[in-house]
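S.K.: For reference, the structure I am asking about is given below.
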Amino acid sequence: MQHRAIYLITAIWMATASSQAGGPIHLKTRNLTANSYPAAEALQVPGQGPGHLLVQFSGGPSADDLRELERRGARVVGSAPDGGITISTDQPISLAGLAVEWSGPLLAQDKISPLLSQGGANGGPAAVVIEFHADVHMRRALQLLRSANVQILRHPDLLPNHMLVTATLLVLTQIAGFDEVAYIFPASNDLVQGNHVMACAGAEMTAGPVGQYVLVGNGWGGAGAGVVQLAYVFTQLSAKLPVAAAQSEIVRAFQEWAKYANVQFVPGTGATGNQTVSILFAQGLHGDNYPFEPGSPVLAHTFFPSPTDPEPLAGDMHLNEDQDWHIGTDIDLYTVALHEAGHALGLGHTDDPSTIMYPYYRFGAGLSSGDIAGVQALYGSPDTSTPPVTPPVTPPPSLPAPTPLSLAITNPVGTSVTTTASSISLSGTASGGTGTLQVVWSNNQGGSGPAAGSANWSVASVPLAMGANTIIVLATDGAGNSASASITVTQQAATTPPVTTPPVTTPPVTTPPVTTP
């Protein structure tokens, strides 16, 4: 089941023994350097699908490097700070003559969020988002997931290269071995429940988009550099919103971040100035490598600070004018600007659904403790210089540890039932955990949805396919913990009892006795 694209790579080591590698590429699972790949590999490209490779250039790839890679048959499908790009190739290529520090594939353990691996290999199914590399066709993605026999959930707001599934960590580890898979991270309750969310495809770098597997954290000057001042300029605002109201909402989003970090946002004088965030509502081609395609679900994209992205593009925030922008509802400008401002400050996407920097966020979401910790790691806290003096506080009595989350199917009884009906109803109980419980069901033969209720939940009708249907019911609490139970329902064809014809009996013929006179 596990497929790994491997490569025929020549001249992986382009640096001499005396040269210094650029900084490591920070994945969410480990830091990658030349020492991560101690030997060149001479291996074979698989027969189907492209192969993906992470390559680090000395000082970052130049435009000439990118053109040369394209000439040799490689496609750039992603970027990472400190000179990294992810390339895709259908055939063996050579990296000879390019300023490459090192190269190597992402390993399976690099593709699973640490938030998932903390649960252990023996846990029940978890709801996750599987990110495929941008050049992988969704037909291929579905083929791979079906071969792994996972439960696929549907959501209308998913990004084009994302799939929502439930699976155990053991199965997810096998899926991470597929070359086409880029990363696997926890799904939010909003995704599982089918609630409307706003999606961000990720911050942009000039060479390509940044994958979810990259840990980003390069700010404008960094912690310890004092208060960082950023200018903002409204280059083009939306024709769908009042100008003053739109400006106020965006500035309000900037100031929300400034409450918690040594950053000041001030009006600028020109869109091309250094350390300036240019706010541009645009359609189609608008001066960068990321046009807003007609009908695209993309709301916005934002570039990272310099030097991760070059000036004057660094920090610029581009919003898709084709979207239906609002203030205080639906596609809310403040909520989108709050998320995009995090990218302009140097933050990437988190795997934690409780943060505004999670790639799927909802209307009205604000900064969480995780968002604040991230921005303070880059710029420090505005309160560190003169911490307030507070009187001692008597700690509250310790609360009992939360009860472990559990779920049971109480009707039908048992783990396997047989029926001739085309659907079946389920009910059961869920208890323990932290916060609000959400319960969903999925059928391996197709179909999924939310259950009614939580502690005492029910599903009025689960459609059945002929044969065995494995139905998984999954409960998730407010802390992201999950518990599940399953039942196998076998639908059989209704049988008609045979028609029996009663035997025909012939009455005996009796002959009257003959009497002699």
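Ordered as shown in the structure tokens, chains take letters A, B, and onward, while each chain numbers its residues from 1 and ligands are numbered from 1 in the order shown.
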Near Val150 in chain A, counting only C-alpha atoms, which residues have an atom at most 7 Å away, once you skip same-chain residues fewer than 4 positions from it, shown as a PyMOL selection string?

M.R.: chain A and resi 145-146+165-167

S.K.: Using C-alpha atoms, can you export the residues from the last selection as an mmCIF file, in the first residue's frame?

M.R.:
```cif
data_model
loop_
_atom_site.group_PDB
_atom_site.id
_atom_site.type_symbol
_atom_site.label_atom_id
_atom_site.label_comp_id
_atom_site.auth_asym_id
_atom_site.auth_seq_id
_atom_site.Cartn_x
_atom_site.Cartn_y
_atom_site.Cartn_z
ATOM 1 C CA LEU A 145 -7.390 7.196 -0.163
ATOM 2 C CA ARG A 146 -9.822 4.538 -1.311
ATOM 3 C CA VAL A 165 -11.065 11.909 6.231
ATOM 4 C CA THR A 166 -11.288 9.877 9.424
ATOM 5 C CA ALA A 167 -8.617 7.237 10.026
#
```

S.K.: Rank A:Leu367, A:Ala199, A:Asn189, A:Asp332 by their smallest atom-to-atom distance to Gln255 in chain A, using only C-alpha atoms, and report the top residue only.

M.R.: A:Leu367

S.K.: Taking the backbone alone, and naming residues the way the document does, which bits of range 407-506 of chain A are strand (DSSP E) by DSSP, as a ChimeraX atom specification?

M.R.: /A:407-411,416-419,423-431,438-443,448-450,456-463,467-476,482-491

S.K.: Of the candidates A:Gly217, A:Pro267, A:Pro310, A:Pro209, which shows the shortest atom-to-atom distance to Gln229 in chain A, using only C-alpha atoms?

M.R.: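 Nearest candidate to Gln229 in chain A out of A:Gly217, A:Pro267, A:Pro310, A:Pro209: A:Pro267.
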
S.K.: With only C-alpha atoms as the basis for distance, which of A:Val128, A:Leu280, A:Val413, A:Val100 is at the shortest distance from Gln236 in chain A?

M.R.: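 The closest residue to Gln236 in chain A is A:Leu280.
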
S.K.: Can you pull out every residue from range 44-168 of chain A that DSSP, working from the backbone, puts in helix (DSSP H, G or I), and format the result as a VMD selection string?

M.R.: chain A and resid 63 to 71 108 to 111 114 to 117 138 to 147

S.K.: In Å to one decimal, how far is CA of His339 in chain A from CA of Ser369 in chain A?

M.R.: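 Taking CA of Ser369 in chain A and CA of His339 in chain A, their separation equals 14.5 Å.
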
S.K.: Which residues come within 9 Å of Gly284 in chain A, counting only C-alpha atoms, excluding same-chain residues fewer than 6 positions away, as a ChimeraX atom specification?

M.R.: /A:290-294,320,322

S.K.: Can I get the residues of range 146-203 of chain A within 9 Å of range 430-453 of chain A, each with the closest pair of atoms and their distance in Å to one decimal, using only C-alpha atoms, sorted chain first then ascending number, as JSON lines?

M.R.:
```
{"residue": "A:Asn149", "atom": "CA", "partner": "A:Asn444", "partner_atom": "CA", "distance": 7.5}
{"residue": "A:Val150", "atom": "CA", "partner": "A:Asn444", "partner_atom": "CA", "distance": 7.4}
{"residue": "A:Gln151", "atom": "CA", "partner": "A:Asn444", "partner_atom": "CA", "distance": 5.8}
{"residue": "A:Ile152", "atom": "CA", "partner": "A:Ser442", "partner_atom": "CA", "distance": 7.8}
{"residue": "A:Leu153", "atom": "CA", "partner": "A:Ser448", "partner_atom": "CA", "distance": 6.2}
{"residue": "A:Arg154", "atom": "CA", "partner": "A:Ser448", "partner_atom": "CA", "distance": 7.6}
{"residue": "A:Thr166", "atom": "CA", "partner": "A:Ser442", "partner_atom": "CA", "distance": 8.7}
{"residue": "A:Asn189", "atom": "CA", "partner": "A:Gln438", "partner_atom": "CA", "distance": 7.2}
{"residue": "A:Val192", "atom": "CA", "partner": "A:Val440", "partner_atom": "CA", "distance": 7.4}
{"residue": "A:Gln193", "atom": "CA", "partner": "A:Pro450", "partner_atom": "CA", "distance": 6.1}
{"residue": "A:Gly194", "atom": "CA", "partner": "A:Gly449", "partner_atom": "CA", "distance": 8.1}
```

S.K.: Which residue gives the smallest distance to Gly428 in chain A among A:Gly315, A:Ile487, A:Asp371, A:Val76, with only C-alpha atoms counted?

M.R.: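 Using only C-alpha atoms, Gly428 in chain A sits closest to A:Ile487.
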